[in-house]
$ cat my_file.cif   # mmCIF, C-alpha atoms
data_protein
#
loop_
_atom_site.group_PDB
_atom_site.id
_atom_site.type_symbol
_atom_site.label_atom_id
_atom_site.label_comp_id
_atom_site.auth_asym_id
_atom_site.auth_seq_id
_atom_site.Cartn_x
_atom_site.Cartn_y
_atom_site.Cartn_z
ATOM 1 C CA CYS A 16 84.301 103.323 117.875
ATOM 2 C CA GLY A 17 84.014 105.067 114.555
ATOM 3 C CA PHE A 18 86.454 105.437 111.682
ATOM 4 C CA THR A 19 88.478 108.503 112.629
ATOM 5 C CA GLU A 20 89.157 110.736 109.662
ATOM 6 C CA PHE A 21 91.682 113.544 109.653
ATOM 7 C CA THR A 22 91.806 116.784 107.730
ATOM 8 C CA ASN A 23 94.678 116.610 105.275
ATOM 9 C CA THR A 24 94.408 119.880 103.355
ATOM 10 C CA LYS A 25 98.115 120.598 103.594
ATOM 11 C CA LEU A 26 98.920 116.962 102.904
ATOM 12 C CA GLU A 27 96.846 117.093 99.711
ATOM 13 C CA ASP A 28 98.554 120.315 98.657
ATOM 14 C CA GLU A 29 101.924 118.664 99.179
ATOM 15 C CA ALA A 30 100.857 115.613 97.192
ATOM 16 C CA SER A 31 99.630 117.818 94.371
ATOM 17 C CA ARG A 32 102.905 119.726 94.267
ATOM 18 C CA GLY A 33 104.821 116.461 94.379
ATOM 19 C CA ALA A 34 102.831 114.666 91.706
ATOM 20 C CA ASN A 35 105.256 115.705 89.002
ATOM 21 C CA ALA A 36 108.231 114.529 91.030
ATOM 22 C CA ILE A 37 107.617 110.847 90.405
ATOM 23 C CA ASN A 38 110.501 110.564 87.980
ATOM 24 C CA SER A 39 112.777 112.997 89.745
ATOM 25 C CA GLU A 40 115.797 112.129 91.867
ATOM 26 C CA LEU A 41 115.174 111.863 95.589
ATOM 27 C CA PRO A 42 117.565 114.681 96.545
ATOM 28 C CA THR A 43 115.330 117.191 94.738
ATOM 29 C CA VAL A 44 112.562 116.642 97.292
ATOM 30 C CA GLY A 45 114.483 117.827 100.289
ATOM 31 C CA GLY A 46 118.148 117.791 101.124
ATOM 32 C CA GLY A 47 117.954 115.683 104.271
ATOM 33 C CA ALA A 48 116.661 115.630 107.806
ATOM 34 C CA GLU A 49 117.293 119.362 108.151
ATOM 35 C CA GLU A 50 116.048 120.556 104.747
ATOM 36 C CA GLY A 51 113.291 118.099 103.930
ATOM 37 C CA ALA A 52 112.120 116.983 107.339
ATOM 38 C CA ASN A 53 108.998 119.107 107.710
ATOM 39 C CA VAL A 54 107.927 119.393 104.099
ATOM 40 C CA ILE A 55 104.490 117.904 104.627
ATOM 41 C CA ASN A 56 103.246 119.944 107.560
ATOM 42 C CA SER A 57 105.848 122.347 108.836
ATOM 43 C CA GLU A 58 103.751 123.546 111.751
ATOM 44 C CA LEU A 59 102.914 120.101 113.109
ATOM 45 C CA THR A 60 105.673 119.046 115.441
ATOM 46 C CA VAL A 61 104.068 116.229 117.356
ATOM 47 C CA GLY A 62 106.112 113.028 117.305
ATOM 48 C CA GLY A 63 109.723 113.605 116.384
ATOM 49 C CA GLY A 64 111.631 111.758 113.703
ATOM 50 C CA ALA A 65 115.022 112.488 112.192
ATOM 51 C CA GLY A 66 114.470 115.966 113.544
ATOM 52 C CA GLU A 67 111.729 117.362 115.771
ATOM 53 C CA GLY A 68 108.370 116.768 114.167
ATOM 54 C CA THR A 69 109.824 115.070 111.116
ATOM 55 C CA ASN A 70 107.187 114.500 108.419
ATOM 56 C CA VAL A 71 104.217 114.681 110.759
ATOM 57 C CA ILE A 72 101.165 114.589 108.539
ATOM 58 C CA ASN A 73 98.486 114.671 111.221
ATOM 59 C CA SER A 74 98.829 115.757 114.795
ATOM 60 C CA PRO A 75 97.261 113.108 117.038
ATOM 61 C CA LEU A 76 96.601 115.909 119.509
ATOM 62 C CA SER A 77 94.144 117.553 117.128
ATOM 63 C CA VAL A 78 92.117 114.512 116.101
ATOM 64 C CA PRO A 79 88.503 115.570 115.469
ATOM 65 C CA ALA A 80 85.624 113.765 117.085
ATOM 66 C CA GLU A 81 85.020 110.364 115.590
ATOM 67 C CA ASP A 82 82.542 110.421 112.758
ATOM 68 C CA SER A 83 79.093 108.941 113.013
ATOM 69 C CA LEU A 84 79.904 105.804 111.019
ATOM 70 C CA HIS A 85 79.234 102.751 113.138
ATOM 71 C CA VAL A 86 81.797 100.027 113.039
ATOM 72 C CA VAL A 87 79.521 97.013 113.137
ATOM 73 C CA THR A 88 76.149 96.712 111.398
ATOM 74 C CA GLU A 89 73.560 94.874 113.448
ATOM 75 C CA GLU A 90 73.173 91.632 111.541
ATOM 76 C CA THR A 91 69.666 90.324 111.938
ATOM 77 C CA PRO A 92 68.627 87.052 110.278
ATOM 78 C CA ALA A 93 66.321 89.038 107.983
ATOM 79 C CA LEU A 94 69.132 91.373 106.906
ATOM 80 C CA LEU A 95 71.475 88.483 106.175
ATOM 81 C CA GLU A 96 68.897 86.501 104.218
ATOM 82 C CA THR A 97 67.647 89.457 102.171
ATOM 83 C CA SER A 98 71.117 90.856 101.434
ATOM 84 C CA LEU A 99 72.554 87.490 100.348
ATOM 85 C CA ALA A 100 69.526 86.787 98.167
ATOM 86 C CA THR A 101 69.733 90.191 96.480
ATOM 87 C CA LEU A 102 73.473 89.810 95.972
ATOM 88 C CA ALA A 103 72.917 86.383 94.402
ATOM 89 C CA GLU A 104 70.435 87.905 91.954
ATOM 90 C CA ILE A 105 72.977 90.533 90.887
ATOM 91 C CA LEU A 106 75.926 88.154 90.601
ATOM 92 C CA VAL A 107 73.895 85.356 88.927
ATOM 93 C CA GLU A 108 76.663 82.727 88.888
ATOM 94 C CA ARG A 109 78.964 81.484 91.608
ATOM 95 C CA ARG A 110 82.693 81.160 91.163
ATOM 96 C CA PRO A 111 84.139 77.623 91.318
ATOM 97 C CA LEU A 112 86.370 78.601 94.278
ATOM 98 C CA ASP A 113 85.662 80.533 97.482
ATOM 99 C CA ASP A 114 82.232 81.910 96.610
ATOM 100 C CA ASP A 115 79.735 80.475 99.078
ATOM 101 C CA ASP A 116 77.465 82.666 101.208
ATOM 102 C CA GLY A 117 80.068 82.883 103.970
ATOM 103 C CA PHE A 118 82.588 84.256 101.514
ATOM 104 C CA ARG A 119 80.103 86.708 100.011
ATOM 105 C CA LEU A 120 79.337 88.031 103.487
ATOM 106 C CA ARG A 121 82.860 89.492 103.516
ATOM 107 C CA PHE A 122 81.828 91.882 100.753
ATOM 108 C CA LEU A 123 78.506 92.781 102.322
ATOM 109 C CA ARG A 124 80.190 93.535 105.640
ATOM 110 C CA CYS A 125 82.917 95.534 103.956
ATOM 111 C CA MET A 126 80.284 97.702 102.265
ATOM 112 C CA LYS A 127 78.008 97.863 105.328
ATOM 113 C CA PHE A 128 75.352 95.834 103.525
ATOM 114 C CA ASN A 129 75.097 98.152 100.547
ATOM 115 C CA VAL A 130 74.385 95.287 98.145
ATOM 116 C CA LYS A 131 75.189 97.184 94.955
ATOM 117 C CA ARG A 132 78.600 98.232 96.222
ATOM 118 C CA ALA A 133 79.244 94.742 97.565
ATOM 119 C CA ALA A 134 78.536 93.314 94.103
ATOM 120 C CA GLU A 135 80.907 95.819 92.512
ATOM 121 C CA ARG A 136 83.681 94.948 94.982
ATOM 122 C CA HIS A 137 83.035 91.242 94.442
ATOM 123 C CA ALA A 138 83.423 91.683 90.683
ATOM 124 C CA GLN A 139 86.629 93.713 91.070
ATOM 125 C CA TYR A 140 87.997 91.192 93.551
ATOM 126 C CA TRP A 141 87.621 88.341 91.087
ATOM 127 C CA THR A 142 88.952 90.356 88.167
ATOM 128 C CA THR A 143 92.077 91.242 90.134
ATOM 129 C CA ARG A 144 92.486 87.823 91.747
ATOM 130 C CA THR A 145 92.233 86.106 88.356
ATOM 131 C CA GLU A 146 94.843 88.458 86.893
ATOM 132 C CA ILE A 147 97.237 87.578 89.724
ATOM 133 C CA PHE A 148 96.487 83.913 90.450
ATOM 134 C CA GLY A 149 94.524 82.633 87.472
ATOM 135 C CA ASP A 150 92.348 79.758 88.709
ATOM 136 C CA ALA A 151 94.745 78.773 91.492
ATOM 137 C CA PRO A 152 93.653 78.833 95.168
ATOM 138 C CA LEU A 153 95.071 81.331 97.647
ATOM 139 C CA VAL A 154 97.642 79.109 99.323
ATOM 140 C CA VAL A 155 101.335 79.284 100.117
ATOM 141 C CA THR A 156 103.218 77.482 97.384
ATOM 142 C CA PRO A 157 106.948 76.659 97.548
ATOM 143 C CA GLU A 158 107.459 79.635 95.225
ATOM 144 C CA LEU A 159 105.698 81.954 97.698
ATOM 145 C CA GLU A 160 107.407 80.653 100.855
ATOM 146 C CA PRO A 161 110.328 83.154 100.791
ATOM 147 C CA ALA A 162 108.011 86.151 100.309
ATOM 148 C CA VAL A 163 105.714 85.087 103.160
ATOM 149 C CA ALA A 164 108.683 84.318 105.439
ATOM 150 C CA LEU A 165 110.009 87.883 105.108
ATOM 151 C CA GLY A 166 107.220 89.066 107.407
ATOM 152 C CA VAL A 167 106.442 92.267 105.542
ATOM 153 C CA VAL A 168 102.813 91.896 106.626
ATOM 154 C CA GLN A 169 102.451 90.443 110.128
ATOM 155 C CA VAL A 170 99.246 89.542 111.931
ATOM 156 C CA PRO A 171 99.826 89.487 115.698
ATOM 157 C CA ALA A 172 97.274 88.430 118.290
ATOM 158 C CA ALA A 173 96.428 92.083 118.856
ATOM 159 C CA LYS A 174 93.414 94.398 118.594
ATOM 160 C CA ASP A 175 93.227 98.165 118.729
ATOM 161 C CA LEU A 176 90.992 99.999 121.200
ATOM 162 C CA CYS A 177 88.048 99.635 118.804
ATOM 163 C CA GLY A 178 88.467 95.878 118.531
ATOM 164 C CA ARG A 179 90.034 95.985 115.057
ATOM 165 C CA GLN A 180 92.768 93.554 114.083
ATOM 166 C CA VAL A 181 96.188 95.198 114.201
ATOM 167 C CA ILE A 182 98.313 94.582 111.100
ATOM 168 C CA ASN A 183 102.044 95.209 111.409
ATOM 169 C CA LEU A 184 103.439 96.458 108.109
ATOM 170 C CA ARG A 185 107.243 96.205 107.943
ATOM 171 C CA LEU A 186 108.320 97.488 104.541
ATOM 172 C CA ARG A 187 111.962 97.505 105.617
ATOM 173 C CA LEU A 188 111.884 93.700 105.556
ATOM 174 C CA ILE A 189 111.357 93.650 101.801
ATOM 175 C CA ASN A 190 114.336 92.069 100.092
ATOM 176 C CA TRP A 191 114.082 92.216 96.329
ATOM 177 C CA GLU A 192 116.986 89.786 96.061
ATOM 178 C CA ASP A 193 114.887 87.069 97.686
ATOM 179 C CA THR A 194 111.569 87.787 95.991
ATOM 180 C CA THR A 195 109.875 89.816 93.261
ATOM 181 C CA PRO A 196 107.066 92.402 93.342
ATOM 182 C CA GLU A 197 104.738 89.837 91.757
ATOM 183 C CA LEU A 198 105.469 87.186 94.390
ATOM 184 C CA MET A 199 105.290 89.726 97.212
ATOM 185 C CA LEU A 200 101.845 90.828 96.025
ATOM 186 C CA LYS A 201 100.693 87.205 95.908
ATOM 187 C CA ALA A 202 101.993 86.635 99.427
ATOM 188 C CA ILE A 203 100.057 89.659 100.683
ATOM 189 C CA TRP A 204 96.871 88.333 99.070
ATOM 190 C CA VAL A 205 97.317 84.991 100.840
ATOM 191 C CA VAL A 206 97.955 86.705 104.181
ATOM 192 C CA TYR A 207 94.943 89.011 103.913
ATOM 193 C CA ASN A 208 92.742 86.127 102.834
ATOM 194 C CA MET A 209 93.573 84.485 106.151
ATOM 195 C CA VAL A 210 92.978 87.758 108.012
ATOM 196 C CA LEU A 211 89.541 88.059 106.412
ATOM 197 C CA SER A 212 88.550 84.555 107.440
ATOM 198 C CA ASP A 213 87.894 86.046 110.892
ATOM 199 C CA GLU A 214 84.295 87.213 111.231
ATOM 200 C CA GLU A 215 85.076 90.039 113.659
ATOM 201 C CA THR A 216 87.709 91.415 111.309
ATOM 202 C CA GLN A 217 85.203 91.317 108.451
ATOM 203 C CA LYS A 218 82.876 93.427 110.584
ATOM 204 C CA ARG A 219 85.277 95.774 112.335
ATOM 205 C CA GLY A 220 88.173 96.074 109.916
ATOM 206 C CA VAL A 221 91.864 96.552 110.605
ATOM 207 C CA MET A 222 94.289 99.085 112.013
ATOM 208 C CA ILE A 223 97.554 99.099 110.053
ATOM 209 C CA LEU A 224 100.684 99.942 112.019
ATOM 210 C CA SER A 225 103.408 100.795 109.512
ATOM 211 C CA ASP A 226 106.876 100.917 111.054
ATOM 212 C CA MET A 227 109.184 102.469 108.461
ATOM 213 C CA GLY A 228 112.291 102.409 110.619
ATOM 214 C CA GLY A 229 115.224 101.213 108.542
ATOM 215 C CA PHE A 230 113.346 101.527 105.252
ATOM 216 C CA GLU A 231 115.778 102.279 102.417
ATOM 217 C CA ARG A 232 115.089 104.182 99.211
ATOM 218 C CA ASN A 233 116.083 101.298 96.951
ATOM 219 C CA LYS A 234 113.238 99.207 98.384
ATOM 220 C CA PHE A 235 110.603 101.594 97.081
ATOM 221 C CA ARG A 236 109.040 100.287 93.864
ATOM 222 C CA ILE A 237 106.296 102.403 92.295
ATOM 223 C CA GLU A 238 104.680 99.535 90.395
ATOM 224 C CA PHE A 239 104.513 97.402 93.527
ATOM 225 C CA MET A 240 102.954 100.235 95.540
ATOM 226 C CA ARG A 241 100.436 100.875 92.775
ATOM 227 C CA ALA A 242 99.390 97.215 92.715
ATOM 228 C CA LEU A 243 99.242 97.053 96.519
ATOM 229 C CA ALA A 244 97.138 100.231 96.780
ATOM 230 C CA SER A 245 94.725 98.956 94.131
ATOM 231 C CA THR A 246 94.417 95.588 95.878
ATOM 232 C CA ILE A 247 93.664 97.083 99.295
ATOM 233 C CA GLN A 248 91.292 99.796 98.093
ATOM 234 C CA ASN A 249 89.496 98.206 95.175
ATOM 235 C CA ALA A 250 89.702 94.425 95.403
ATOM 236 C CA LEU A 251 89.938 92.962 98.901
ATOM 237 C CA PRO A 252 86.778 93.191 101.046
ATOM 238 C CA LEU A 253 88.810 94.949 103.719
ATOM 239 C CA ARG A 254 87.692 97.765 105.996
ATOM 240 C CA ILE A 255 90.636 99.979 106.933
ATOM 241 C CA GLY A 256 89.936 101.815 110.154
ATOM 242 C CA GLY A 257 93.248 103.651 110.126
ATOM 243 C CA VAL A 258 96.926 103.624 109.237
ATOM 244 C CA ARG A 259 99.570 104.819 111.695
ATOM 245 C CA VAL A 260 103.028 105.457 110.249
ATOM 246 C CA ILE A 261 105.963 105.596 112.646
ATOM 247 C CA ASN A 262 109.729 105.987 112.340
ATOM 248 C CA GLN A 263 109.344 107.407 108.841
ATOM 249 C CA PRO A 264 112.626 108.253 107.038
ATOM 250 C CA TRP A 265 113.675 111.755 106.057
ATOM 251 C CA PHE A 266 112.660 111.140 102.421
ATOM 252 C CA PHE A 267 109.091 110.235 103.384
ATOM 253 C CA SER A 268 107.760 113.413 101.776
ATOM 254 C CA PHE A 269 108.929 112.084 98.419
ATOM 255 C CA ILE A 270 107.254 108.721 99.022
ATOM 256 C CA TRP A 271 104.048 110.427 100.104
ATOM 257 C CA SER A 272 103.971 112.659 97.031
ATOM 258 C CA ILE A 273 103.737 109.477 94.965
ATOM 259 C CA VAL A 274 101.712 107.130 97.151
ATOM 260 C CA SER A 275 99.058 109.731 97.970
ATOM 261 C CA GLN A 276 98.157 109.879 94.283
ATOM 262 C CA LEU A 277 97.220 106.211 94.494
ATOM 263 C CA LEU A 278 94.936 106.528 97.522
ATOM 264 C CA SER A 279 91.338 107.635 97.826
ATOM 265 C CA LYS A 280 90.608 110.753 99.830
ATOM 266 C CA LYS A 281 88.828 108.626 102.437
ATOM 267 C CA LEU A 282 91.912 106.480 102.989
ATOM 268 C CA ARG A 283 94.284 109.454 102.955
ATOM 269 C CA ASN A 284 92.197 110.985 105.707
ATOM 270 C CA ARG A 285 92.662 107.899 107.861
ATOM 271 C CA ILE A 286 96.457 108.041 107.798
ATOM 272 C CA ALA A 287 98.434 109.665 110.585
ATOM 273 C CA VAL A 288 102.230 109.923 110.641
ATOM 274 C CA ILE A 289 103.518 110.272 114.176
ATOM 275 C CA GLY A 290 107.305 109.997 113.994
ATOM 276 C CA GLU A 291 109.324 108.479 116.814
ATOM 277 C CA ASP A 292 107.063 109.354 119.747
ATOM 278 C CA HIS A 293 105.789 105.816 120.109
ATOM 279 C CA ALA A 294 103.795 106.678 123.228
ATOM 280 C CA LEU A 295 101.282 108.391 120.957
ATOM 281 C CA LEU A 296 100.235 104.981 119.666
ATOM 282 C CA THR A 297 98.327 104.451 122.905
ATOM 283 C CA GLU A 298 95.729 106.888 121.551
ATOM 284 C CA TRP A 299 94.547 103.948 119.448
ATOM 285 C CA ILE A 300 96.275 100.772 120.654
ATOM 286 C CA SER A 301 96.888 99.438 124.162
ATOM 287 C CA LEU A 302 100.421 98.679 125.324
ATOM 288 C CA GLU A 303 99.594 94.969 125.286
ATOM 289 C CA SER A 304 98.985 95.201 121.526
ATOM 290 C CA ILE A 305 102.029 97.346 120.685
ATOM 291 C CA PRO A 306 105.235 95.494 119.706
ATOM 292 C CA LEU A 307 108.113 95.411 122.177
ATOM 293 C CA GLU A 308 110.357 97.422 119.878
ATOM 294 C CA LEU A 309 107.825 100.250 119.895
ATOM 295 C CA GLY A 310 107.495 100.449 123.649
ATOM 296 C CA GLY A 311 104.692 97.936 124.143
ATOM 297 C CA SER A 312 104.690 94.411 125.554
ATOM 298 C CA LEU A 313 103.570 92.403 122.527
ATOM 299 C CA LYS A 314 105.759 89.538 121.368
ATOM 300 C CA ASN A 315 104.904 88.343 117.893
ATOM 301 C CA ASP A 316 106.022 85.100 116.257
ATOM 302 C CA HIS A 317 105.373 85.634 112.563
ATOM 303 C CA ALA A 318 106.933 82.321 111.578
ATOM 304 C CA ALA A 319 104.534 80.401 113.826
ATOM 305 C CA TRP A 320 101.538 82.325 112.490
ATOM 306 C CA ALA A 321 102.641 81.778 108.880
ATOM 307 C CA ARG A 322 102.765 78.027 109.445
ATOM 308 C CA GLY A 323 99.010 78.211 109.977
ATOM 309 C CA LEU A 324 98.422 79.588 106.488
ATOM 310 C CA PRO A 325 97.012 77.135 103.943
ATOM 311 C CA HIS A 326 99.869 75.479 102.074
ATOM 312 C CA ALA A 327 99.870 73.685 98.757
#
$ encode --input "my_file.cif" --output "structure tokens"
Amino acid sequence: CGFTEFTNTKLEDEASRGANAINSELPTVGGGAEEGANVINSELTVGGGAGEGTNVINSPLSVPAEDSLHVVTEETPALLETSLATLAEILVERRPLDDDDGFRLRFLRCMKFNVKRAAERHAQYWTTRTEIFGDAPLVVTPELEPAVALGVVQVPAAKDLCGRQVINLRLRLINWEDTTPELMLKAIWVVYNMVLSDEETQKRGVMILSDMGGFERNKFRIEFMRALASTIQNALPLRIGGVRVINQPWFFSFIWSIVSQLLSKKLRNRIAVIGEDHALLTEWISLESIPLELGGSLKNDHAAWARGLPHA
């Protein structure tokens, strides 16, 4: 399995046209399901939403052949020893927390053993982590409990067809009355730190399944999205194999015009929006790994999984 990348020329054009709409009112983007539904790619009508083909960015029926990038680098003892030694020479000093060779392997695997890039990601990781947590460990504190319990990021016992960990992203579960953007970001760091403790996930990466059903406009916070995008792309040693957006609301074109400005071209090209035709998910994920509410057979107990997170 490779990292499927899509061609998003029209998506990029839409994002460019929408870049100046960040401070505009939502109604100016598109009147509703009828007016604004197909703003992103009017000719792509695979996977209906509020109307037929609502906000379909990429047609799953026209996915190009997978690129030549291999998912897992063959890790020989010589490669591991040489890469870790070279990385140690670049980094010089070890951090007091979470910086042994096992931890550093996360960065090497994320960057496919490009040591220079691994060192750069390692440095950005610690810069960002220190800004958010200071010298504190990545654990669930009483202050973080409500944000973790919301289940915005869920980690079921599920893999996609390429063996990547499936991450269920449920932005509709955000409740800004119960938490703050700062605490939500901390909670996501703690969750992903647990995700990245799995060696196979370090090697293969993740498939993010973003169900936007029920997402309301007042839950969208630009600063939170900016911090989240920066964390995922620039700080965490996380390989993102793909993002599949389903049940997107009619105002998704507005959201995309903002969020796309925060994403690298590589990540934008790994996002597919497929509407309400949940059966299309089986192109990437088996029914056993698709949640019940999306037509699969997976039952997920987020509360039980969260109890396994490290707690203060």
$ resolve_selection --input "my_file.cif" --expression "the PyMOL selection byres ((chain A and resi 122) around 8)" --output "list in words"
Phe118, Arg119, Leu120, Arg121, Leu123, Arg124, Cys125, Met126, Ala133, Ala134, Arg136, His137 and Pro252 of chain A
$ atom_distance --input "my_file.cif" --atom1 "CA of Thr246 in chain A" --atom2 "CA of Phe148 in chain A"
13.0 Å
$ residues_near_point --input "my_file.cif" --point "(101.5, 105.8, 111.0)" --cutoff "9 Å" --atoms "all atoms listed in the file" --output "list in words"
Ile223, Leu224, Ser225, Asp226, Met227, Gly257, Val258, Arg259, Val260, Ile261, Asn262, Gln263, Ile286, Ala287, Val288, Ile289, Gly290 and Leu296 of chain A
$ atom_distance --input "my_file.cif" --atom1 "CA of Glu192 in chain A" --atom2 "CA of Glu238 in chain A"
16.7 Å
$ closest_residue --input "my_file.cif" --among "A:Trp320, A:Trp271, A:Trp265, A:Tyr140" --to "Met240 in chain A" --atoms "all atoms listed in the file"
A:Trp271
$ residues_around --input "my_file.cif" --residues "Ala164 in chain A" --least-positions-apart "3" --cutoff "12 Å" --atoms "only C-alpha atoms" --output "ChimeraX atom specification"
/A:155-161,167-169,188-190,193-194,198-199,202-203,206,316-322,324
$ residues_around --input "my_file.cif" --residues "Leu102 in chain A" --least-positions-apart "4" --cutoff "7 Å" --atoms "all atoms listed in the file" --output "PyMOL selection string"
chain A and resi 98+106+130+134
$ atom_distance --input "my_file.cif" --atom1 "CA of Cys177 in chain A" --atom2 "CA of Leu253 in chain A"
15.8 Å
$ residues_around --input "my_file.cif" --residues "Asp213 in chain A" --least-positions-apart "3" --cutoff "12 Å" --atoms "all atoms listed in the file" --output "list of chain:residue names"
A:Gly117, A:Phe118, A:Leu120, A:Arg121, A:Arg124, A:Val170, A:Arg179, A:Gln180, A:Tyr207, A:Asn208, A:Met209, A:Val210, A:Thr216, A:Gln217, A:Lys218, A:Arg219, A:Gly220, A:Val221, A:Leu253
$ write_last_selection --input "my_file.cif" --atoms "C-alpha atoms" --output "PDB file, in the frame of the given file"
ATOM      1  CA  GLY A 117      80.068  82.883 103.970  1.00  0.00           C
ATOM      2  CA  PHE A 118      82.588  84.256 101.514  1.00  0.00           C
ATOM      3  CA  LEU A 120      79.337  88.031 103.487  1.00  0.00           C
ATOM      4  CA  ARG A 121      82.860  89.492 103.516  1.00  0.00           C
ATOM      5  CA  ARG A 124      80.190  93.535 105.640  1.00  0.00           C
ATOM      6  CA  VAL A 170      99.246  89.542 111.931  1.00  0.00           C
ATOM      7  CA  ARG A 179      90.034  95.985 115.057  1.00  0.00           C
ATOM      8  CA  GLN A 180      92.768  93.554 114.083  1.00  0.00           C
ATOM      9  CA  TYR A 207      94.943  89.011 103.913  1.00  0.00           C
ATOM     10  CA  ASN A 208      92.742  86.127 102.834  1.00  0.00           C
ATOM     11  CA  MET A 209      93.573  84.485 106.151  1.00  0.00           C
ATOM     12  CA  VAL A 210      92.978  87.758 108.012  1.00  0.00           C
ATOM     13  CA  THR A 216      87.709  91.415 111.309  1.00  0.00           C
ATOM     14  CA  GLN A 217      85.203  91.317 108.451  1.00  0.00           C
ATOM     15  CA  LYS A 218      82.876  93.427 110.584  1.00  0.00           C
ATOM     16  CA  ARG A 219      85.277  95.774 112.335  1.00  0.00           C
ATOM     17  CA  GLY A 220      88.173  96.074 109.916  1.00  0.00           C
ATOM     18  CA  VAL A 221      91.864  96.552 110.605  1.00  0.00           C
ATOM     19  CA  LEU A 253      88.810  94.949 103.719  1.00  0.00           C
TER      20      LEU A 253
END
$ residues_around --input "my_file.cif" --residues "range 298-306 of chain A" --least-positions-apart "6" --cutoff "8 Å" --atoms "all atoms listed in the file" --output "ChimeraX atom specification"
/A:75,172-177,181,312-315
$ closest_residue --input "my_file.cif" --among "A:Pro92, A:Gly229, A:Pro196, A:Pro152" --to "His326 in chain A" --atoms "all atoms listed in the file"
A:Pro152
$ axis_aligned_box --input "my_file.cif" --around "range 224-234 of chain A" --padding-each-side "8 Å" --output "JSON"
{"center_x": 108.4, "center_y": 101.7, "center_z": 104.5, "size_x": 31.4, "size_y": 21.0, "size_z": 31.1}
$ closest_residue --input "my_file.cif" --among "A:Val274, A:Cys16, A:Leu243, A:Ile255" --to "Lys201 in chain A" --atoms "all atoms listed in the file"
A:Leu243
$ residues_near_point --input "my_file.cif" --point "(92.6, 101.5, 94.1)" --cutoff "12 Å" --atoms "only C-alpha atoms" --output "PyMOL selection string"
chain A and resi 136+139-140+143+240-251+274-282
